[in-house]
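What follows is a short report on a single structure.
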Amino acid sequence: QKEEEECRTQHAGRAWEFAALSGASTSAGVAAAAAEGVDALALDGWVAHRFEVAEAQHRACRENGGRYWETEMNTMQYLRALQFEGEFSGMHYDGCGAHDGSCPSNIVDDLKARLELLPELIRCGLCAPQSCEVDDVRNVVFRRYLAMMLHLDFDLPPPNADEFQAKELLPWADLQVDFVIGGCDHCGTTSL
């Protein structure tokens, strides 16, 4: 509890700074490339670019006193678990800004519309304060980051543990390894 409060306090003071060092895709599988319309000839350059962006964020995060995490959330499970309660119909809501009748009539409809735009799976790098551990990343940092990216002025509820994963990413120099077999997702390296 004390550690989570320390993480929460440190993150609150620098939330936008940490958010600016977050968001790089940490997945470069063939399925992700196909989803973005990358053809086979451009695949190597596409993977290299994604790696460079994530590596640059990782380096900048560490230089600014943070820890860099690969996070993954199953958005569909998260959305199914969200519950909206209370009477919102009488609330004055002026959050859209469009004047063509396309705005949701209340804050709940607006929130639902924003959440429905999220991809089925969110996988990205996330910069967090040095004091944050894996549960803090889920309970404090990720939910605040997601709210910020959706332009919400409140924190969303944290995802459940079965909807969310976080793994700290470290530079090779920090790892004590003598031998590595590396490869992309589903390329057969687990069967060597």
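Naming scheme: A, B, ... for chains in displayed order of the structure tokens; residues 1 onward per chain; ligands 1 onward as shown.
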task = Assign secondary structure with DSSP using the backbone only, and return the residues of stretch 11-187 of chain A in alpha helix (DSSP H) as a ChimeraX atom specification.
result = /A:11-13,15-20,30-35,43-63,75-81,107-116,134-136,143-149
Using 9 Å as the limit and counting only C-alpha atoms, can you tabulate each residue of stretch 32-80 of chain A that touches stretch 171-181 of chain A, with its shortest atom-to-atom distance in Å and the two atoms involved, as a Markdown table?
```
| residue | atom | partner | partner_atom | distance |
| --- | --- | --- | --- | --- |
| A:Glu55 | CA | A:Pro171 | CA | 8.8 |
| A:His58 | CA | A:Pro171 | CA | 8.5 |
| A:Arg59 | CA | A:Pro171 | CA | 8.6 |
```
For the residues selected in the previous step, produce a file with N, CA and C atoms as a CSV table (one decimal), in the first residue's frame.
```csv
chain,number,residue,atom,x,y,z
A,55,GLU,N,12.8,1.5,-28.7
A,55,GLU,CA,14.1,1.7,-28.0
A,55,GLU,C,14.4,3.1,-27.6
A,58,HIS,N,12.3,3.9,-24.6
A,58,HIS,CA,12.9,3.2,-23.4
A,58,HIS,C,14.1,3.9,-22.9
A,59,ARG,N,15.0,4.3,-23.8
A,59,ARG,CA,16.2,5.0,-23.4
A,59,ARG,C,15.8,6.4,-22.7
```
Stretch 6-64 of chain A residues near stretch 72-85 of chain A within 12 Å, closest pair each, using only C-alpha atoms, as JSON lines:
```
{"residue": "A:Gly23", "atom": "CA", "partner": "A:Glu72", "partner_atom": "CA", "distance": 11.3}
{"residue": "A:Ser25", "atom": "CA", "partner": "A:Glu72", "partner_atom": "CA", "distance": 10.3}
{"residue": "A:Thr26", "atom": "CA", "partner": "A:Glu72", "partner_atom": "CA", "distance": 9.5}
{"residue": "A:Ser27", "atom": "CA", "partner": "A:Glu72", "partner_atom": "CA", "distance": 10.0}
```
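Residues in contact range of stretch 123-140 of chain A, defined as at most 6 Å between only C-alpha atoms, with sequence neighbours fewer than 4 positions away removed, read A:Glu4, A:Cys7, A:Phe18, A:Leu21, A:Ser22, A:Gly23, A:Ala24, A:Ser25, A:Thr26, A:Cys61, A:Gly66, A:Arg67, A:Tyr68, A:Trp69, A:Glu70, A:Thr71, A:Glu72, A:Pro158.
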Please dump the current selection as a PDB file, in the first residue's frame; keep N, CA, C and O atoms.
```pdb
ATOM      1  N   GLU A   4       2.434   1.664  -3.428  1.00  0.00           N
ATOM      2  CA  GLU A   4       1.497   2.161  -4.430  1.00  0.00           C
ATOM      3  C   GLU A   4       1.269   3.655  -4.247  1.00  0.00           C
ATOM      4  O   GLU A   4       1.175   4.396  -5.218  1.00  0.00           O
ATOM      5  N   CYS A   7       4.218   5.466  -5.724  1.00  0.00           N
ATOM      6  CA  CYS A   7       4.096   5.448  -7.186  1.00  0.00           C
ATOM      7  C   CYS A   7       3.050   6.463  -7.636  1.00  0.00           C
ATOM      8  O   CYS A   7       3.286   7.251  -8.552  1.00  0.00           O
ATOM      9  N   PHE A  18       5.674  11.392 -18.286  1.00  0.00           N
ATOM     10  CA  PHE A  18       5.732   9.946 -18.495  1.00  0.00           C
ATOM     11  C   PHE A  18       4.905   9.525 -19.714  1.00  0.00           C
ATOM     12  O   PHE A  18       5.300   8.649 -20.474  1.00  0.00           O
ATOM     13  N   LEU A  21       6.648   9.775 -22.993  1.00  0.00           N
ATOM     14  CA  LEU A  21       7.666   8.744 -23.198  1.00  0.00           C
ATOM     15  C   LEU A  21       7.034   7.361 -23.285  1.00  0.00           C
ATOM     16  O   LEU A  21       7.688   6.357 -23.040  1.00  0.00           O
ATOM     17  N   SER A  22       5.764   7.308 -23.634  1.00  0.00           N
ATOM     18  CA  SER A  22       5.010   6.057 -23.691  1.00  0.00           C
ATOM     19  C   SER A  22       4.271   5.949 -25.016  1.00  0.00           C
ATOM     20  O   SER A  22       4.155   6.914 -25.754  1.00  0.00           O
ATOM     21  N   GLY A  23       3.757   4.752 -25.274  1.00  0.00           N
ATOM     22  CA  GLY A  23       2.881   4.562 -26.420  1.00  0.00           C
ATOM     23  C   GLY A  23       3.484   3.846 -27.606  1.00  0.00           C
ATOM     24  O   GLY A  23       2.758   3.461 -28.525  1.00  0.00           O
ATOM     25  N   ALA A  24       4.798   3.639 -27.624  1.00  0.00           N
ATOM     26  CA  ALA A  24       5.404   2.946 -28.763  1.00  0.00           C
ATOM     27  C   ALA A  24       4.910   1.507 -28.803  1.00  0.00           C
ATOM     28  O   ALA A  24       4.741   0.860 -27.777  1.00  0.00           O
ATOM     29  N   SER A  25       4.683   1.019 -29.991  1.00  0.00           N
ATOM     30  CA  SER A  25       4.269  -0.373 -30.143  1.00  0.00           C
ATOM     31  C   SER A  25       5.439  -1.278 -29.764  1.00  0.00           C
ATOM     32  O   SER A  25       6.565  -1.078 -30.202  1.00  0.00           O
ATOM     33  N   THR A  26       5.158  -2.264 -28.934  1.00  0.00           N
ATOM     34  CA  THR A  26       6.189  -3.223 -28.544  1.00  0.00           C
ATOM     35  C   THR A  26       5.953  -4.567 -29.215  1.00  0.00           C
ATOM     36  O   THR A  26       6.532  -5.564 -28.830  1.00  0.00           O
ATOM     37  N   CYS A  61      13.003   7.212 -21.279  1.00  0.00           N
ATOM     38  CA  CYS A  61      12.323   6.938 -20.013  1.00  0.00           C
ATOM     39  C   CYS A  61      13.353   6.704 -18.907  1.00  0.00           C
ATOM     40  O   CYS A  61      13.271   7.292 -17.829  1.00  0.00           O
ATOM     41  N   GLY A  66      12.791   6.847 -15.084  1.00  0.00           N
ATOM     42  CA  GLY A  66      11.651   5.940 -15.113  1.00  0.00           C
ATOM     43  C   GLY A  66      12.032   4.503 -15.424  1.00  0.00           C
ATOM     44  O   GLY A  66      13.200   4.194 -15.682  1.00  0.00           O
ATOM     45  N   ARG A  67      11.034   3.652 -15.362  1.00  0.00           N
ATOM     46  CA  ARG A  67      11.144   2.249 -15.773  1.00  0.00           C
ATOM     47  C   ARG A  67      10.188   2.062 -16.942  1.00  0.00           C
ATOM     48  O   ARG A  67       9.081   2.587 -16.943  1.00  0.00           O
ATOM     49  N   TYR A  68      10.604   1.294 -17.951  1.00  0.00           N
ATOM     50  CA  TYR A  68       9.815   1.123 -19.175  1.00  0.00           C
ATOM     51  C   TYR A  68       9.201  -0.268 -19.180  1.00  0.00           C
ATOM     52  O   TYR A  68       9.886  -1.259 -18.980  1.00  0.00           O
ATOM     53  N   TRP A  69       7.909  -0.311 -19.412  1.00  0.00           N
ATOM     54  CA  TRP A  69       7.145  -1.555 -19.345  1.00  0.00           C
ATOM     55  C   TRP A  69       6.462  -1.847 -20.671  1.00  0.00           C
ATOM     56  O   TRP A  69       5.999  -0.930 -21.352  1.00  0.00           O
ATOM     57  N   GLU A  70       6.391  -3.123 -21.037  1.00  0.00           N
ATOM     58  CA  GLU A  70       5.522  -3.539 -22.124  1.00  0.00           C
ATOM     59  C   GLU A  70       4.188  -3.883 -21.477  1.00  0.00           C
ATOM     60  O   GLU A  70       4.131  -4.712 -20.564  1.00  0.00           O
ATOM     61  N   THR A  71       3.124  -3.223 -21.915  1.00  0.00           N
ATOM     62  CA  THR A  71       1.808  -3.466 -21.344  1.00  0.00           C
ATOM     63  C   THR A  71       0.876  -4.012 -22.410  1.00  0.00           C
ATOM     64  O   THR A  71       1.022  -3.708 -23.597  1.00  0.00           O
ATOM     65  N   GLU A  72      -0.066  -4.823 -21.955  1.00  0.00           N
ATOM     66  CA  GLU A  72      -1.045  -5.399 -22.864  1.00  0.00           C
ATOM     67  C   GLU A  72      -2.380  -5.486 -22.144  1.00  0.00           C
ATOM     68  O   GLU A  72      -2.451  -5.982 -21.020  1.00  0.00           O
ATOM     69  N   PRO A 158      -9.080   0.674 -12.955  1.00  0.00           N
ATOM     70  CA  PRO A 158      -7.984  -0.176 -13.429  1.00  0.00           C
ATOM     71  C   PRO A 158      -8.532  -1.444 -14.061  1.00  0.00           C
ATOM     72  O   PRO A 158      -9.593  -1.934 -13.667  1.00  0.00           O
TER      73      PRO A 158
END
```
DSSP on the backbone: what in chain A comes out strand (DSSP E or B), as number ranges by chain? A: 66-74, 121-129, 164-168
*asked:* Would you compute the distance between atom CA of A:Leu156 and atom CA of A:Gln57? Give it in Å to one decimal.
replied: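 These atoms are spaced 24.1 Å apart.
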From the list A:Leu150, A:Ala166, A:Val141, A:Ala60, the nearest residue to A:Arg8 using only C-alpha atoms is A:Val141
